[in-house]
Amino acid sequence: MEQSINMNELTFSEKDRYVIITNAYPHEKQLYRNGFIHRRVKAYQAEGLRIDVFVLHPAYKKAEKYIYEDVPVYRGTEQHLRMFLNHNVHKKVLIHFVNSTMVQAIKETNKDLPIITWIHGFETEAWHRRWFNFLESAESLRKILEMADDYYVAQLSFMNWFYQTNELDTTFVHISKWFKEHIAECDARTKSENSVIIPNVIDDMLFTFMEKPVEMRAKVLSIRPYASRKYANDLAVKAVLELSKRPYFNKLEFAFYGDGQLFDRTVEPICNFENVTIHKGFISQEQIAALHKEYGIFLCPTRLDSQGVSMCEAMSSGLVPISTDITAIPEFVEHDVSGLLTKPESPIEIADAIERLYYNPDVFLRVSKQASQSIQDKCAVDVVIKRELEIIVG
């Protein structure tokens, strides 16, 4: 339960602390708000770091504090953030989903405070990168064009300055080479000089490898958000429709989990198939890990991904990913080695990939093992957290 606080009257038992500034964080009533940041925080705590989280958002007019799984979380406005930083108990600031307000607060309180900024996606993209989200109506297109002249211009101008300023001690963490070079730096029109590439961490203790029996090559799982067309769930549905024309279709099983404004209309064409189950709603990480043990293929086409975290979690569990040969996906999936990649906007190729695994159980077993090993080599907790701690503590 959150409680109202006076930022000026806060007391800290230790000074050697780190603060994460972000735009959202899990709460007992909002379990999915940047959960991947919380998983990092718990890993840092396990290594002995004292971490505070500050959620900066205009919706929080009053300064508040709550505890979430032993993590102290503060939230408030830019003014509250300045008062919070004025206590001078933090060794470094770690930022996720950066904006100019966060950085301005640091400049005004402690310009010498080292900053580590993770670059995830929308905070450094030009508006047209998500063109596929604005095809639904003239109204959605009009709205984004208005933002293109306002929010996007201001944010990318800020990122251009932030990437190259000498006023602050900043290190940037990009989660994939493709995203760094083709989106982040391209759209901001400058290099992020002091930067490293470290992917998002995958909880390999939760998403553990279980050797798959060959029968699981016929069991296909999709767990995706339906808030954006970037996840290409419509292509997954069209692939099922294509497979329904093929003689072995009734020997396959499909499960679609997810939620969002596009969910109902996206899955509607496949609702009446007896071998397709539809589950509307969000599920926990533990529930996802349990589902991974019941299926053999993870269906995750995409139109834009800087990594594909849910895909990587499924790979860690030993599911064979079927995704798209686009954006950053090939950095995490090698075709015919750790997964199967298809051409963009090609539901027929997705159907063909499922067919290949169905008729070639040896390929399924080989790729399943290699998917798990390859992604754990890149994204396991020990691998990623070790690299992050080198720049946080070092």
# chains A, B, ... in the order shown; residues from 1 in each chain; ligands from 1
>>> select_by_dssp(residues="range 59-305 of chain A", states="helix (DSSP H, G or I)", output="ChimeraX atom specification")
/A:78-85,100-109,122-124,127-134,138-148,151-164,177-188,214-218,229-231,233-243,249-251,263-270,285-292
>>> residues_around(residues="Lys280 in chain A", least_positions_apart="2", cutoff="12 Å", atoms="only C-alpha atoms", output="list in words")
Ser222, Ile223, Arg224, Pro225, Tyr226, Ala255, Phe256, Tyr257, Gly258, Asp259, Gly260, Gln261, Leu262, Phe263, Asp264, Arg265, Thr266, Val267, Glu268, Cys271, Thr277, Ile278, Phe282 and Ile283 of chain A
>>> closest_residue(among="A:Gly308, A:Ile202, A:Lys230, A:Asn6", to="His120 in chain A", atoms="only C-alpha atoms")
A:Gly308
>>> closest_residue(among="A:Lys29, A:Lys65, A:Arg17, A:Lys107", to="His90 in chain A", atoms="only C-alpha atoms")
A:Arg17
>>> atom_distance(atom1="CA of Cys300 in chain A", atom2="CA of Trp118 in chain A")
24.2 Å
>>> residues_around(residues="Ser284 in chain A", least_positions_apart="6", cutoff="12 Å", atoms="only C-alpha atoms", output="list in words")
Gln30, Leu31, Tyr32, Gly35, Leu206, Ile223, Tyr257, Gly258, Ala290 and Leu291 of chain A
>>> select_by_dssp(residues="range 112-319 of chain A", states="strand (DSSP E or B)", output="number ranges by chain")
A: 115-119, 170-174, 195-197, 202, 219-225, 253-259, 276-280, 297-299
>>> write_last_selection(atoms="N, CA, C and O atoms", output="compact mmCIF listing (two decimals), in the first residue's frame")
# COMPACT_ATOMS: atom_id res chain seq x y z
N ILE A 115 25.46 8.63 -14.77
CA ILE A 115 24.17 8.17 -15.28
C ILE A 115 24.41 6.97 -16.20
O ILE A 115 25.30 7.00 -17.06
N ILE A 116 23.59 5.93 -16.03
CA ILE A 116 23.55 4.83 -16.98
C ILE A 116 22.14 4.77 -17.54
O ILE A 116 21.17 4.68 -16.78
N THR A 117 22.01 4.86 -18.85
CA THR A 117 20.70 4.94 -19.49
C THR A 117 20.49 3.76 -20.43
O THR A 117 21.26 3.57 -21.38
N TRP A 118 19.46 2.97 -20.16
CA TRP A 118 19.08 1.88 -21.05
C TRP A 118 18.16 2.42 -22.14
O TRP A 118 17.21 3.15 -21.85
N ILE A 119 18.47 2.07 -23.38
CA ILE A 119 17.66 2.49 -24.52
C ILE A 119 16.82 1.30 -24.98
O ILE A 119 17.35 0.30 -25.46
N THR A 170 27.59 10.12 -18.75
CA THR A 170 26.54 9.19 -19.15
C THR A 170 27.09 8.00 -19.93
O THR A 170 27.92 8.17 -20.82
N THR A 171 26.59 6.82 -19.61
CA THR A 171 26.84 5.60 -20.37
C THR A 171 25.50 5.09 -20.89
O THR A 171 24.51 5.09 -20.16
N PHE A 172 25.47 4.67 -22.16
CA PHE A 172 24.24 4.17 -22.76
C PHE A 172 24.33 2.65 -22.94
O PHE A 172 25.37 2.13 -23.35
N VAL A 173 23.22 1.98 -22.64
CA VAL A 173 23.12 0.54 -22.83
C VAL A 173 22.07 0.27 -23.89
O VAL A 173 20.88 0.57 -23.70
N HIS A 174 22.50 -0.27 -25.02
CA HIS A 174 21.58 -0.69 -26.08
C HIS A 174 21.39 -2.20 -25.99
O HIS A 174 22.33 -2.93 -25.68
N SER A 195 28.87 3.91 -25.19
CA SER A 195 27.77 2.96 -25.16
C SER A 195 28.25 1.52 -25.20
O SER A 195 29.36 1.24 -25.64
N VAL A 196 27.40 0.63 -24.71
CA VAL A 196 27.65 -0.81 -24.74
C VAL A 196 26.37 -1.49 -25.22
O VAL A 196 25.29 -0.90 -25.20
N ILE A 197 26.50 -2.74 -25.64
CA ILE A 197 25.34 -3.54 -26.06
C ILE A 197 25.20 -4.70 -25.09
O ILE A 197 26.07 -5.57 -24.99
N ILE A 202 17.14 -12.77 -19.26
CA ILE A 202 16.12 -13.81 -19.24
C ILE A 202 16.32 -14.64 -17.97
O ILE A 202 17.44 -15.07 -17.67
N LYS A 219 2.38 -29.05 -31.02
CA LYS A 219 1.71 -28.16 -30.07
C LYS A 219 2.33 -26.77 -30.17
O LYS A 219 3.51 -26.58 -29.86
N VAL A 220 1.53 -25.81 -30.58
CA VAL A 220 2.00 -24.46 -30.92
C VAL A 220 1.42 -23.45 -29.94
O VAL A 220 0.20 -23.41 -29.74
N LEU A 221 2.29 -22.62 -29.38
CA LEU A 221 1.90 -21.65 -28.35
C LEU A 221 2.18 -20.23 -28.81
O LEU A 221 3.23 -19.94 -29.38
N SER A 222 1.25 -19.33 -28.54
CA SER A 222 1.44 -17.89 -28.77
C SER A 222 1.04 -17.15 -27.51
O SER A 222 -0.09 -17.29 -27.04
N ILE A 223 1.98 -16.39 -26.94
CA ILE A 223 1.69 -15.52 -25.78
C ILE A 223 2.18 -14.14 -26.15
O ILE A 223 3.38 -13.88 -26.19
N ARG A 224 1.26 -13.23 -26.45
CA ARG A 224 1.65 -11.93 -26.99
C ARG A 224 0.71 -10.83 -26.50
O ARG A 224 -0.47 -11.07 -26.24
N PRO A 225 1.22 -9.60 -26.44
CA PRO A 225 0.32 -8.45 -26.26
C PRO A 225 -0.46 -8.21 -27.56
O PRO A 225 0.01 -8.55 -28.65
N GLU A 253 -2.17 -28.63 -32.48
CA GLU A 253 -2.89 -27.92 -31.42
C GLU A 253 -2.31 -26.52 -31.29
O GLU A 253 -1.09 -26.35 -31.30
N PHE A 254 -3.19 -25.53 -31.15
CA PHE A 254 -2.76 -24.14 -31.02
C PHE A 254 -3.38 -23.54 -29.77
O PHE A 254 -4.54 -23.78 -29.45
N ALA A 255 -2.59 -22.71 -29.06
CA ALA A 255 -3.11 -21.95 -27.92
C ALA A 255 -2.65 -20.50 -28.06
O ALA A 255 -1.45 -20.24 -28.22
N PHE A 256 -3.61 -19.58 -28.02
CA PHE A 256 -3.32 -18.15 -28.13
C PHE A 256 -3.68 -17.48 -26.80
O PHE A 256 -4.83 -17.51 -26.37
N TYR A 257 -2.66 -16.89 -26.16
CA TYR A 257 -2.84 -16.15 -24.92
C TYR A 257 -2.49 -14.68 -25.17
O TYR A 257 -1.50 -14.38 -25.85
N GLY A 258 -3.27 -13.79 -24.58
CA GLY A 258 -2.94 -12.37 -24.70
C GLY A 258 -4.12 -11.48 -24.40
O GLY A 258 -5.21 -11.94 -24.10
N ASP A 259 -3.86 -10.19 -24.50
CA ASP A 259 -4.92 -9.21 -24.27
C ASP A 259 -4.49 -7.89 -24.89
O ASP A 259 -3.32 -7.69 -25.21
N VAL A 276 -7.96 -25.13 -31.66
CA VAL A 276 -7.43 -23.82 -31.29
C VAL A 276 -8.13 -23.36 -30.01
O VAL A 276 -9.36 -23.30 -29.96
N THR A 277 -7.34 -23.05 -28.98
CA THR A 277 -7.91 -22.50 -27.75
C THR A 277 -7.47 -21.05 -27.60
O THR A 277 -6.33 -20.70 -27.89
N ILE A 278 -8.40 -20.22 -27.16
CA ILE A 278 -8.17 -18.78 -27.02
C ILE A 278 -8.29 -18.42 -25.55
O ILE A 278 -9.28 -18.76 -24.89
N HIS A 279 -7.29 -17.71 -25.02
CA HIS A 279 -7.27 -17.33 -23.61
C HIS A 279 -7.02 -15.82 -23.53
O HIS A 279 -5.89 -15.37 -23.73
N LYS A 280 -8.06 -15.07 -23.23
CA LYS A 280 -7.91 -13.62 -23.14
C LYS A 280 -7.55 -13.23 -21.72
O LYS A 280 -8.20 -13.63 -20.75
N ILE A 297 6.42 -25.46 -29.85
CA ILE A 297 6.70 -24.39 -30.81
C ILE A 297 6.18 -23.08 -30.24
O ILE A 297 5.06 -23.03 -29.69
N PHE A 298 6.97 -22.03 -30.37
CA PHE A 298 6.53 -20.70 -29.94
C PHE A 298 6.37 -19.84 -31.18
O PHE A 298 7.32 -19.59 -31.92
N LEU A 299 5.15 -19.39 -31.39
CA LEU A 299 4.80 -18.63 -32.60
C LEU A 299 4.90 -17.14 -32.31
O LEU A 299 4.11 -16.60 -31.53
>>> atom_distance(atom1="CA of Thr302 in chain A", atom2="CA of Asp234 in chain A")
9.9 Å
>>> residues_around(residues="Tyr248 in chain A", least_positions_apart="6", cutoff="12 Å", atoms="only C-alpha atoms", output="list of chain:residue names")
A:Ala218, A:Glu242, A:Asn275, A:Ala351, A:Ile354, A:Glu355, A:Arg356, A:Tyr358, A:Tyr359
>>> closest_residue(among="A:Glu64, A:Asp204, A:Glu349, A:Asp112", to="Lys238 in chain A", atoms="only C-alpha atoms")
A:Glu349
>>> atom_distance(atom1="CA of Ser372 in chain A", atom2="CA of Ile183 in chain A")
27.9 Å
>>> residues_around(residues="His27 in chain A", least_positions_apart="5", cutoff="12 Å", atoms="only C-alpha atoms", output="count of residues only")
19
>>> residues_around(residues="Pro344 in chain A", least_positions_apart="4", cutoff="9 Å", atoms="only C-alpha atoms", output="ChimeraX atom specification")
/A:301-303,324-326
>>> residues_around(residues="Ile51 in chain A", least_positions_apart="4", cutoff="12 Å", atoms="only C-alpha atoms", output="ChimeraX atom specification")
/A:12,14-21,37-38,40-47,67,70-74,89-94,392
>>> decode(residues="range 199-227 of chain A", atoms="N, CA and C atoms", output="mmCIF file, in the first residue's frame")
data_model
loop_
_atom_site.group_PDB
_atom_site.id
_atom_site.type_symbol
_atom_site.label_atom_id
_atom_site.label_comp_id
_atom_site.auth_asym_id
_atom_site.auth_seq_id
_atom_site.Cartn_x
_atom_site.Cartn_y
_atom_site.Cartn_z
ATOM 1 N N PRO A 199 21.939 -7.326 -23.907
ATOM 2 C CA PRO A 199 20.517 -7.647 -24.095
ATOM 3 C C PRO A 199 19.760 -7.662 -22.779
ATOM 4 N N ASN A 200 18.441 -7.648 -22.884
ATOM 5 C CA ASN A 200 17.613 -7.814 -21.695
ATOM 6 C C ASN A 200 17.829 -9.198 -21.107
ATOM 7 N N VAL A 201 17.790 -9.275 -19.793
ATOM 8 C CA VAL A 201 18.047 -10.529 -19.102
ATOM 9 C C VAL A 201 16.851 -11.474 -19.197
ATOM 10 N N ILE A 202 17.136 -12.769 -19.263
ATOM 11 C CA ILE A 202 16.116 -13.813 -19.236
ATOM 12 C C ILE A 202 16.318 -14.638 -17.970
ATOM 13 N N ASP A 203 15.261 -14.863 -17.228
ATOM 14 C CA ASP A 203 15.344 -15.619 -15.977
ATOM 15 C C ASP A 203 15.459 -17.111 -16.294
ATOM 16 N N ASP A 204 16.672 -17.570 -16.466
ATOM 17 C CA ASP A 204 16.891 -18.962 -16.851
ATOM 18 C C ASP A 204 16.628 -19.932 -15.698
ATOM 19 N N MET A 205 16.493 -19.429 -14.468
ATOM 20 C CA MET A 205 16.108 -20.291 -13.355
ATOM 21 C C MET A 205 14.602 -20.544 -13.361
ATOM 22 N N LEU A 206 13.844 -19.657 -13.985
ATOM 23 C CA LEU A 206 12.401 -19.850 -14.144
ATOM 24 C C LEU A 206 12.103 -20.539 -15.469
ATOM 25 N N PHE A 207 12.723 -20.033 -16.538
ATOM 26 C CA PHE A 207 12.501 -20.602 -17.870
ATOM 27 C C PHE A 207 13.587 -21.643 -18.143
ATOM 28 N N THR A 208 13.431 -22.776 -17.475
ATOM 29 C CA THR A 208 14.437 -23.827 -17.531
ATOM 30 C C THR A 208 14.192 -24.751 -18.718
ATOM 31 N N PHE A 209 15.269 -25.306 -19.233
ATOM 32 C CA PHE A 209 15.155 -26.219 -20.375
ATOM 33 C C PHE A 209 14.595 -27.562 -19.936
ATOM 34 N N MET A 210 13.588 -28.012 -20.684
ATOM 35 C CA MET A 210 13.067 -29.360 -20.510
ATOM 36 C C MET A 210 13.075 -30.020 -21.886
ATOM 37 N N GLU A 211 13.776 -31.147 -21.982
ATOM 38 C CA GLU A 211 13.850 -31.815 -23.284
ATOM 39 C C GLU A 211 12.454 -32.175 -23.755
ATOM 40 N N LYS A 212 12.170 -31.825 -25.004
ATOM 41 C CA LYS A 212 10.826 -31.984 -25.540
ATOM 42 C C LYS A 212 10.646 -33.352 -26.214
ATOM 43 N N PRO A 213 9.583 -34.065 -25.895
ATOM 44 C CA PRO A 213 9.265 -35.256 -26.686
ATOM 45 C C PRO A 213 8.837 -34.829 -28.094
ATOM 46 N N VAL A 214 9.036 -35.702 -29.065
ATOM 47 C CA VAL A 214 8.761 -35.317 -30.459
ATOM 48 C C VAL A 214 7.293 -34.948 -30.658
ATOM 49 N N GLU A 215 6.401 -35.471 -29.809
ATOM 50 C CA GLU A 215 4.977 -35.169 -29.968
ATOM 51 C C GLU A 215 4.687 -33.674 -29.814
ATOM 52 N N MET A 216 5.559 -32.970 -29.086
ATOM 53 C CA MET A 216 5.302 -31.545 -28.837
ATOM 54 C C MET A 216 5.530 -30.681 -30.081
ATOM 55 N N ARG A 217 6.077 -31.248 -31.140
ATOM 56 C CA ARG A 217 6.237 -30.474 -32.380
ATOM 57 C C ARG A 217 4.888 -30.118 -32.992
ATOM 58 N N ALA A 218 3.826 -30.766 -32.508
ATOM 59 C CA ALA A 218 2.482 -30.488 -33.010
ATOM 60 C C ALA A 218 1.724 -29.527 -32.094
ATOM 61 N N LYS A 219 2.376 -29.051 -31.024
ATOM 62 C CA LYS A 219 1.711 -28.164 -30.072
ATOM 63 C C LYS A 219 2.329 -26.766 -30.172
ATOM 64 N N VAL A 220 1.529 -25.808 -30.577
ATOM 65 C CA VAL A 220 2.003 -24.462 -30.917
ATOM 66 C C VAL A 220 1.417 -23.450 -29.945
ATOM 67 N N LEU A 221 2.289 -22.621 -29.377
ATOM 68 C CA LEU A 221 1.896 -21.647 -28.348
ATOM 69 C C LEU A 221 2.182 -20.226 -28.810
ATOM 70 N N SER A 222 1.249 -19.334 -28.543
ATOM 71 C CA SER A 222 1.442 -17.893 -28.773
ATOM 72 C C SER A 222 1.039 -17.149 -27.510
ATOM 73 N N ILE A 223 1.983 -16.389 -26.938
ATOM 74 C CA ILE A 223 1.690 -15.522 -25.780
ATOM 75 C C ILE A 223 2.180 -14.136 -26.154
ATOM 76 N N ARG A 224 1.261 -13.227 -26.447
ATOM 77 C CA ARG A 224 1.648 -11.930 -26.994
ATOM 78 C C ARG A 224 0.715 -10.829 -26.501
ATOM 79 N N PRO A 225 1.222 -9.597 -26.436
ATOM 80 C CA PRO A 225 0.322 -8.453 -26.261
ATOM 81 C C PRO A 225 -0.457 -8.209 -27.560
ATOM 82 N N TYR A 226 -1.606 -7.610 -27.425
ATOM 83 C CA TYR A 226 -2.420 -7.263 -28.593
ATOM 84 C C TYR A 226 -2.742 -5.773 -28.590
ATOM 85 N N ALA A 227 -1.802 -4.977 -28.102
ATOM 86 C CA ALA A 227 -1.999 -3.528 -28.049
ATOM 87 C C ALA A 227 -1.442 -2.845 -29.282
#
